[in-house]
>>> print(open('data-v3.pdb').read())   # PDB, C-alpha atoms
ATOM      1  CA  MET A   1      28.045 -10.539  53.008
ATOM      2  CA  GLN A   2      28.182  -6.800  52.435
ATOM      3  CA  PHE A   3      30.434  -7.442  49.457
ATOM      4  CA  ARG A   4      27.779  -9.732  47.927
ATOM      5  CA  HIS A   5      25.089  -7.113  48.427
ATOM      6  CA  LEU A   6      27.335  -4.469  46.893
ATOM      7  CA  ALA A   7      28.127  -6.693  43.892
ATOM      8  CA  ALA A   8      24.454  -7.457  43.339
ATOM      9  CA  LEU A   9      23.586  -3.769  43.590
ATOM     10  CA  THR A  10      26.343  -2.871  41.122
ATOM     11  CA  MET A  11      25.161  -5.501  38.640
ATOM     12  CA  SER A  12      21.557  -4.361  38.958
ATOM     13  CA  LEU A  13      22.597  -0.757  38.406
ATOM     14  CA  SER A  14      24.654  -1.728  35.352
ATOM     15  CA  LEU A  15      21.737  -3.601  33.818
ATOM     16  CA  CYS A  16      19.450  -0.668  34.501
ATOM     17  CA  LEU A  17      21.865   1.811  32.908
ATOM     18  CA  SER A  18      22.351  -0.520  29.955
ATOM     19  CA  SER A  19      18.595  -0.738  29.471
ATOM     20  CA  ILE A  20      18.242   3.043  29.663
ATOM     21  CA  ALA A  21      21.064   3.526  27.167
ATOM     22  CA  GLN A  22      19.445   1.058  24.783
ATOM     23  CA  GLU A  23      16.120   2.863  25.039
ATOM     24  CA  ARG A  24      17.826   6.158  24.319
ATOM     25  CA  THR A  25      19.729   4.885  21.269
ATOM     26  CA  GLN A  26      16.873   2.944  19.658
ATOM     27  CA  GLN A  27      14.395   4.959  17.647
ATOM     28  CA  THR A  28      10.970   3.702  16.619
ATOM     29  CA  LEU A  29       9.056   4.836  13.553
ATOM     30  CA  THR A  30       5.292   4.477  13.287
ATOM     31  CA  VAL A  31       4.118   4.104   9.702
ATOM     32  CA  PHE A  32       0.450   4.336   8.713
ATOM     33  CA  ALA A  33       0.031   2.542   5.379
ATOM     34  CA  ALA A  34      -2.830   1.507   3.111
ATOM     35  CA  THR A  35      -3.985  -2.111   3.359
ATOM     36  CA  SER A  36      -2.875  -2.846  -0.198
ATOM     37  CA  LEU A  37       0.708  -2.072   0.893
ATOM     38  CA  THR A  38       0.788  -4.740   3.618
ATOM     39  CA  ASP A  39       3.064  -7.318   1.998
ATOM     40  CA  VAL A  40       5.416  -4.935   0.235
ATOM     41  CA  PHE A  41       5.864  -2.692   3.280
ATOM     42  CA  GLU A  42       6.660  -5.729   5.428
ATOM     43  CA  ALA A  43       9.431  -6.500   2.943
ATOM     44  CA  LEU A  44      10.613  -2.880   2.841
ATOM     45  CA  ARG A  45      10.624  -2.791   6.636
ATOM     46  CA  GLY A  46      12.858  -5.867   6.777
ATOM     47  CA  ASP A  47      15.404  -4.433   4.360
ATOM     48  CA  PHE A  48      15.454  -1.038   6.078
ATOM     49  CA  LEU A  49      15.958  -2.560   9.544
ATOM     50  CA  ALA A  50      18.752  -4.755   8.243
ATOM     51  CA  ALA A  51      20.620  -1.569   7.324
ATOM     52  CA  HIS A  52      19.498   0.277  10.500
ATOM     53  CA  PRO A  53      19.588  -2.285  13.348
ATOM     54  CA  GLU A  54      19.340   0.460  15.953
ATOM     55  CA  THR A  55      15.808   1.330  14.814
ATOM     56  CA  ASP A  56      12.380  -0.300  14.824
ATOM     57  CA  ILE A  57       9.342   0.282  12.617
ATOM     58  CA  LEU A  58       5.745  -0.211  13.704
ATOM     59  CA  LEU A  59       3.424  -0.729  10.729
ATOM     60  CA  ASN A  60      -0.261   0.133  11.040
ATOM     61  CA  PHE A  61      -2.328  -1.036   8.059
ATOM     62  CA  SER A  62      -5.903  -0.060   7.304
ATOM     63  CA  SER A  63      -7.994   1.641   4.651
ATOM     64  CA  SER A  64      -6.433   4.961   3.658
ATOM     65  CA  SER A  65      -9.653   6.741   4.592
ATOM     66  CA  THR A  66      -9.554   5.251   8.099
ATOM     67  CA  LEU A  67      -5.889   6.121   8.539
ATOM     68  CA  ALA A  68      -6.405   9.687   7.322
ATOM     69  CA  ALA A  69      -9.266  10.153   9.787
ATOM     70  CA  GLN A  70      -7.135   8.814  12.631
ATOM     71  CA  LEU A  71      -4.253  11.125  11.783
ATOM     72  CA  ILE A  72      -6.534  14.147  11.534
ATOM     73  CA  GLN A  73      -7.889  13.256  14.977
ATOM     74  CA  GLY A  74      -4.368  13.292  16.393
ATOM     75  CA  ALA A  75      -3.155   9.688  16.226
ATOM     76  CA  PRO A  76       0.631   9.700  16.714
ATOM     77  CA  ALA A  77       2.613   8.599  13.654
ATOM     78  CA  ASP A  78       5.698   9.504  11.659
ATOM     79  CA  ILE A  79       4.798   8.551   8.075
ATOM     80  CA  PHE A  80       1.610   8.193   6.032
ATOM     81  CA  ALA A  81       1.496   6.131   2.819
ATOM     82  CA  SER A  82      -1.890   6.369   1.134
ATOM     83  CA  ALA A  83      -3.469   4.419  -1.737
ATOM     84  CA  ASN A  84      -4.749   7.618  -3.320
ATOM     85  CA  GLU A  85      -4.089  11.323  -3.298
ATOM     86  CA  ARG A  86      -7.539  12.266  -2.040
ATOM     87  CA  GLN A  87      -6.934  10.903   1.466
ATOM     88  CA  MET A  88      -3.482  12.448   1.598
ATOM     89  CA  ASP A  89      -5.007  15.800   0.583
ATOM     90  CA  LEU A  90      -7.337  15.597   3.587
ATOM     91  CA  THR A  91      -4.355  15.352   5.930
ATOM     92  CA  VAL A  92      -2.723  18.296   4.152
ATOM     93  CA  ASP A  93      -5.876  20.384   4.526
ATOM     94  CA  ALA A  94      -5.935  19.507   8.249
ATOM     95  CA  GLY A  95      -2.330  20.639   8.700
ATOM     96  CA  VAL A  96      -1.093  17.153   9.568
ATOM     97  CA  ILE A  97       1.225  16.984   6.546
ATOM     98  CA  ASP A  98       3.040  19.677   4.581
ATOM     99  CA  GLU A  99       2.061  19.469   0.909
ATOM    100  CA  ALA A 100       5.674  20.066  -0.077
ATOM    101  CA  GLU A 101       6.595  16.749   1.553
ATOM    102  CA  LEU A 102       4.348  14.627  -0.693
ATOM    103  CA  GLN A 103       5.952  12.250  -3.160
ATOM    104  CA  ILE A 104       4.396   9.564  -5.353
ATOM    105  CA  PHE A 105       6.340   6.331  -4.880
ATOM    106  CA  ALA A 106       4.186   3.766  -6.729
ATOM    107  CA  HIS A 107       1.309   3.178  -9.113
ATOM    108  CA  ASN A 108      -1.230   0.384  -9.311
ATOM    109  CA  GLN A 109      -4.118  -0.729 -11.529
ATOM    110  CA  LEU A 110      -7.390  -2.572 -11.194
ATOM    111  CA  VAL A 111      -8.065  -6.172 -12.179
ATOM    112  CA  LEU A 112     -11.169  -8.331 -12.140
ATOM    113  CA  VAL A 113     -10.793 -11.503 -10.063
ATOM    114  CA  THR A 114     -12.924 -14.618  -9.864
ATOM    115  CA  PRO A 115     -12.468 -17.908  -7.992
ATOM    116  CA  SER A 116     -10.011 -20.140  -9.837
ATOM    117  CA  ASP A 117     -12.820 -22.238 -11.346
ATOM    118  CA  ASN A 118     -14.702 -19.085 -12.462
ATOM    119  CA  PRO A 119     -18.203 -20.493 -11.778
ATOM    120  CA  ALA A 120     -19.943 -17.514 -13.416
ATOM    121  CA  GLU A 121     -17.817 -17.969 -16.571
ATOM    122  CA  LEU A 122     -16.816 -14.312 -16.666
ATOM    123  CA  ARG A 123     -14.579 -13.205 -19.519
ATOM    124  CA  SER A 124     -14.413  -9.428 -19.004
ATOM    125  CA  VAL A 125     -15.698  -6.583 -16.861
ATOM    126  CA  LEU A 126     -18.622  -6.258 -19.258
ATOM    127  CA  ASP A 127     -19.967  -9.584 -17.978
ATOM    128  CA  LEU A 128     -20.499  -8.061 -14.518
ATOM    129  CA  SER A 129     -23.728  -6.486 -15.773
ATOM    130  CA  GLY A 130     -25.327  -9.880 -16.356
ATOM    131  CA  GLU A 131     -28.073 -11.200 -14.099
ATOM    132  CA  GLY A 132     -27.255 -13.269 -11.039
ATOM    133  CA  ILE A 133     -23.588 -12.312 -10.671
ATOM    134  CA  LEU A 134     -22.420 -12.204  -7.042
ATOM    135  CA  LEU A 135     -20.116  -9.181  -6.898
ATOM    136  CA  VAL A 136     -18.008  -8.093  -3.919
ATOM    137  CA  LEU A 137     -16.392  -4.644  -3.735
ATOM    138  CA  ALA A 138     -14.578  -2.581  -1.136
ATOM    139  CA  ALA A 139     -16.772  -0.171   0.807
ATOM    140  CA  GLU A 140     -17.498   3.373  -0.321
ATOM    141  CA  GLY A 141     -14.915   5.830   0.938
ATOM    142  CA  THR A 142     -11.951   3.529   0.333
ATOM    143  CA  PRO A 143      -9.498   4.399  -2.457
ATOM    144  CA  ILE A 144     -10.044   1.102  -4.285
ATOM    145  CA  ARG A 145     -13.803   1.763  -4.362
ATOM    146  CA  ALA A 146     -13.277   5.268  -5.750
ATOM    147  CA  TYR A 147     -11.105   3.864  -8.538
ATOM    148  CA  THR A 148     -13.635   1.078  -9.154
ATOM    149  CA  ASP A 149     -16.566   3.493  -9.345
ATOM    150  CA  ASP A 150     -14.675   5.603 -11.874
ATOM    151  CA  MET A 151     -13.868   2.512 -13.921
ATOM    152  CA  PHE A 152     -17.526   1.447 -14.029
ATOM    153  CA  ALA A 153     -18.607   5.012 -14.841
ATOM    154  CA  ALA A 154     -16.254   5.012 -17.808
ATOM    155  CA  HIS A 155     -18.434   2.245 -19.300
ATOM    156  CA  GLY A 156     -21.611   4.346 -19.051
ATOM    157  CA  ASP A 157     -24.455   4.892 -16.575
ATOM    158  CA  ASP A 158     -26.602   1.994 -17.745
ATOM    159  CA  PHE A 159     -23.713  -0.414 -17.318
ATOM    160  CA  SER A 160     -22.905   0.923 -13.848
ATOM    161  CA  ASP A 161     -26.514   0.623 -12.693
ATOM    162  CA  ALA A 162     -26.672  -2.997 -13.852
ATOM    163  CA  VAL A 163     -23.381  -3.854 -12.134
ATOM    164  CA  TYR A 164     -24.354  -2.328  -8.790
ATOM    165  CA  ARG A 165     -27.550  -4.390  -8.778
ATOM    166  CA  ASN A 166     -25.251  -7.421  -8.508
ATOM    167  CA  LEU A 167     -23.348  -6.028  -5.502
ATOM    168  CA  VAL A 168     -23.875  -8.450  -2.603
ATOM    169  CA  SER A 169     -21.194  -7.331  -0.144
ATOM    170  CA  GLU A 170     -18.997  -4.321   0.612
ATOM    171  CA  GLU A 171     -15.796  -5.017   2.524
ATOM    172  CA  SER A 172     -13.828  -2.608   4.688
ATOM    173  CA  ASN A 173     -10.634  -3.046   2.666
ATOM    174  CA  VAL A 174      -9.363  -4.603  -0.541
ATOM    175  CA  ARG A 175      -7.706  -7.620   1.088
ATOM    176  CA  GLN A 176     -11.065  -8.741   2.418
ATOM    177  CA  VAL A 177     -12.426  -8.583  -1.130
ATOM    178  CA  VAL A 178      -9.583 -10.863  -2.237
ATOM    179  CA  THR A 179     -10.322 -13.289   0.599
ATOM    180  CA  ARG A 180     -14.049 -13.490  -0.132
ATOM    181  CA  VAL A 181     -13.444 -14.249  -3.804
ATOM    182  CA  ALA A 182     -10.607 -16.704  -3.139
ATOM    183  CA  LEU A 183     -12.872 -18.662  -0.770
ATOM    184  CA  GLY A 184     -15.547 -18.881  -3.449
ATOM    185  CA  GLU A 185     -18.011 -16.714  -1.501
ATOM    186  CA  ALA A 186     -18.521 -14.454  -4.516
ATOM    187  CA  ASP A 187     -18.337 -14.749  -8.300
ATOM    188  CA  ALA A 188     -16.154 -11.690  -8.755
ATOM    189  CA  GLY A 189     -14.415  -8.716  -7.197
ATOM    190  CA  ILE A 190     -12.355  -5.724  -8.262
ATOM    191  CA  VAL A 191      -8.925  -5.465  -6.630
ATOM    192  CA  TYR A 192      -5.469  -4.043  -7.352
ATOM    193  CA  GLN A 193      -3.102  -5.989  -9.568
ATOM    194  CA  SER A 194      -0.675  -6.108  -6.616
ATOM    195  CA  ASP A 195      -3.257  -8.045  -4.587
ATOM    196  CA  VAL A 196      -3.008 -11.127  -6.790
ATOM    197  CA  ILE A 197       0.727 -11.702  -6.315
ATOM    198  CA  GLY A 198       1.892 -14.613  -4.182
ATOM    199  CA  PRO A 199       0.214 -17.752  -2.765
ATOM    200  CA  VAL A 200      -3.328 -16.389  -3.176
ATOM    201  CA  SER A 201      -2.874 -16.369  -6.956
ATOM    202  CA  SER A 202      -3.547 -20.118  -7.136
ATOM    203  CA  GLN A 203      -7.047 -19.528  -5.763
ATOM    204  CA  LEU A 204      -7.935 -16.775  -8.218
ATOM    205  CA  ARG A 205      -8.435 -16.210 -11.890
ATOM    206  CA  VAL A 206      -7.283 -12.748 -12.957
ATOM    207  CA  ILE A 207      -8.972 -10.937 -15.840
ATOM    208  CA  GLU A 208      -7.360  -7.751 -17.110
ATOM    209  CA  ILE A 209      -9.412  -4.593 -17.533
ATOM    210  CA  GLU A 210      -9.092  -2.782 -20.850
ATOM    211  CA  PRO A 211      -6.639   0.147 -20.583
ATOM    212  CA  GLU A 212      -9.086   2.773 -21.834
ATOM    213  CA  HIS A 213     -11.337   2.123 -18.830
ATOM    214  CA  ASN A 214      -8.797   1.164 -16.190
ATOM    215  CA  GLN A 215      -7.631   3.588 -13.515
ATOM    216  CA  LEU A 216      -4.060   4.485 -12.593
ATOM    217  CA  ALA A 217      -3.862   4.434  -8.790
ATOM    218  CA  SER A 218      -1.221   6.707  -7.266
ATOM    219  CA  TYR A 219       0.436   6.087  -3.890
ATOM    220  CA  PRO A 220       1.767   9.206  -2.130
ATOM    221  CA  ILE A 221       3.981   9.092   0.951
ATOM    222  CA  ALA A 222       5.011  11.852   3.373
ATOM    223  CA  VAL A 223       6.492  12.521   6.792
ATOM    224  CA  LEU A 224       4.030  13.976   9.284
ATOM    225  CA  SER A 225       4.676  17.551  10.340
ATOM    226  CA  GLU A 226       4.676  16.573  14.034
ATOM    227  CA  SER A 227       6.896  13.504  13.672
ATOM    228  CA  GLU A 228       9.152  13.035  16.690
ATOM    229  CA  ASN A 229      11.698  11.238  14.496
ATOM    230  CA  GLU A 230      11.741  13.523  11.489
ATOM    231  CA  SER A 231      15.276  12.711  10.333
ATOM    232  CA  LEU A 232      14.802   8.936  10.577
ATOM    233  CA  ALA A 233      11.356   9.180   8.968
ATOM    234  CA  ALA A 234      12.830  11.124   6.058
ATOM    235  CA  GLY A 235      15.445   8.391   5.714
ATOM    236  CA  PHE A 236      12.756   5.724   5.437
ATOM    237  CA  VAL A 237      10.881   7.749   2.811
ATOM    238  CA  ASP A 238      14.125   8.151   0.856
ATOM    239  CA  PHE A 239      14.560   4.372   1.005
ATOM    240  CA  VAL A 240      11.007   3.782  -0.292
ATOM    241  CA  LEU A 241      11.889   6.048  -3.227
ATOM    242  CA  SER A 242      15.261   4.377  -3.842
ATOM    243  CA  GLN A 243      16.251   2.079  -6.671
ATOM    244  CA  ASP A 244      16.467  -0.914  -4.319
ATOM    245  CA  ALA A 245      12.914  -0.304  -3.131
ATOM    246  CA  ARG A 246      11.710  -0.090  -6.739
ATOM    247  CA  ALA A 247      12.838  -3.662  -7.321
ATOM    248  CA  ILE A 248      10.868  -4.753  -4.253
ATOM    249  CA  LEU A 249       7.775  -2.806  -5.312
ATOM    250  CA  ALA A 250       7.934  -4.352  -8.775
ATOM    251  CA  ALA A 251       8.188  -7.855  -7.312
ATOM    252  CA  PHE A 252       4.966  -7.244  -5.403
ATOM    253  CA  GLY A 253       3.057  -6.090  -8.489
ATOM    254  CA  PHE A 254       3.413  -2.314  -8.201
ATOM    255  CA  CYS A 255       4.567   0.046 -10.914
ATOM    256  CA  THR A 256       7.019   2.745 -10.001
ATOM    257  CA  PRO A 257       7.060   6.308 -11.354
ATOM    258  CA  ALA A 258      10.016   7.288 -13.483
ATOM    259  CA  ILE A 259      12.652   9.386 -11.774
ATOM    260  CA  LEU A 260      13.487  12.805 -13.231
ATOM    261  CA  SER A 261      17.158  13.259 -13.976
ATOM    262  CA  GLU A 262      18.687  16.449 -12.568
ATOM    263  CA  ASP A 263      20.542  17.009 -15.833
ATOM    264  CA  SER A 264      17.657  16.450 -18.210
ATOM    265  CA  PRO A 265      13.895  16.970 -18.236
ATOM    266  CA  GLU A 266      13.498  13.492 -19.747
ATOM    267  CA  GLU A 267      12.185  10.781 -17.466
ATOM    268  CA  ILE A 268      14.512   7.855 -16.787
ATOM    269  CA  THR A 269      13.780   4.496 -15.244
ATOM    270  CA  PRO A 270      16.584   3.332 -12.935
ATOM    271  CA  GLU A 271      17.879  -0.203 -12.900
ATOM    272  CA  PRO A 272      17.667  -1.977  -9.526
ATOM    273  CA  THR A 273      20.922  -2.759  -7.784
ATOM    274  CA  LEU A 274      22.312  -6.271  -8.119
ATOM    275  CA  GLU A 275      21.410  -7.202  -4.542
ATOM    276  CA  ALA A 276      17.786  -6.165  -4.908
ATOM    277  CA  ALA A 277      17.459  -7.751  -8.333
ATOM    278  CA  GLU A 278      18.754 -11.103  -7.052
ATOM    279  CA  GLU A 279      16.341 -11.269  -4.124
ATOM    280  CA  TYR A 280      13.308  -9.851  -5.927
ATOM    281  CA  ALA A 281      13.639 -11.327  -9.383
ATOM    282  CA  GLU A 282       9.989 -11.303 -10.494
ATOM    283  CA  PRO A 283       9.324  -9.127 -13.565
ATOM    284  CA  GLU A 284       7.849  -5.676 -13.168
ATOM    285  CA  THR A 285       4.145  -5.371 -13.927
ATOM    286  CA  ASP A 286       3.348  -2.631 -16.426
ATOM    287  CA  CYS A 287       0.814   0.064 -15.637
ATOM    288  CA  GLN A 288      -0.943   1.728 -18.530
ATOM    289  CA  PRO A 289      -0.443   5.511 -18.440
ATOM    290  CA  GLN A 290      -4.153   6.253 -18.204
ATOM    291  CA  PRO A 291      -4.974   9.181 -15.892
ATOM    292  CA  PRO A 292      -7.578   8.557 -13.210
ATOM    293  CA  ALA A 293     -11.015   9.974 -13.917
ATOM    294  CA  SER A 294     -11.766  13.296 -12.255
ATOM    295  CA  ARG A 295     -13.259  12.916  -8.778
TER     296      ARG A 295
END
>>> encode(input="data-v3.pdb", output="structure tokens")
Amino acid sequence: MQFRHLAALTMSLSLCLSSIAQERTQQTLTVFAATSLTDVFEALRGDFLAAHPETDILLNFSSSSTLAAQLIQGAPADIFASANERQMDLTVDAGVIDEAELQIFAHNQLVLVTPSDNPAELRSVLDLSGEGILLVLAAEGTPIRAYTDDMFAAHGDDFSDAVYRNLVSEESNVRQVVTRVALGEADAGIVYQSDVIGPVSSQLRVIEIEPEHNQLASYPIAVLSESENESLAAGFVDFVLSQDARAILAAFGFCTPAILSEDSPEEITPEPTLEAAEEYAEPETDCQPQPPASR
């Protein structure tokens, strides 16, 4: 009887020690990322964990402005990936992130979307100034809205005033804009080109915005100064900047910045590795090299 009790106690102790050892060896990263990065970061997470099975990554998606505010208020995280540089600059000014850590890992552009049947018969952004158009945009303060406002402003004040008179709803993030338009609850919306990749594309009609008025969205990423897993976090950032990750980003509609060669000041665009190219075979979407308007 005593032997049975001793055996049970030994087994329980072994399981406990095993659990403790597992907790000690497994590291968890918390990544705060812009809503427009949801699908691509889920894919990046999967590939990173496949190569690092001893780790886990918790992804927290929201508007970049919301995430920046949370980080400034002390929310624990290891990495911040923003949809514009303005929100990242706020975290730098607050001492949450070291400016030297910032790196741009992707670019994006705006597109006009309508329901697939295009009930308002829109042909270009210029048609948004017409009477009776039901327009949905992301809320003020979000990166996509800042880019959108600059794009409208590039067409002139009279045009902007006419467009905003057609604004019927402001959503908290860009994916909600996509949803409203796809469901036919609005005639049009302005979203990122990466938002119209995948199954939702069948519910939308995409209208390109002329390059001279479009905005080049930049996505910076950085490790937080107070990260408890600094080495692992740096490894994830390196992966996001890698050639394999570029193939994944391209498949999800993002454009990637050229990498500077150490031996030459010329910019070079790396080819994705064979493995990444086979899994993510969709063509890269071009981004016009138009600088964002001053904000």
>>> residues_around(input="data-v3.pdb", residues="Phe32 in chain A", least_positions_apart="4", cutoff="9 Å", atoms="only C-alpha atoms", output="count of residues only")
15
>>> residues_around(input="data-v3.pdb", residues="Val177 in chain A", least_positions_apart="5", cutoff="10 Å", atoms="all atoms listed in the file", output="VMD selection string")
chain A and resid 113 135 to 139 169 to 172 182 185 to 186 188 to 191 195
>>> atom_distance(input="data-v3.pdb", atom1="CA of Asn84 in chain A", atom2="CA of Leu204 in chain A")
25.1 Å
>>> closest_residue(input="data-v3.pdb", among="A:Gln87, A:Thr30, A:Gln73, A:Ser65", to="Ser218 in chain A", atoms="only C-alpha atoms")
A:Gln87
>>> resolve_selection(input="data-v3.pdb", expression="the PyMOL selection byres ((chain A and resi 54) around 8)", output="ChimeraX atom specification")
/A:25-27,49,52-53,55-56
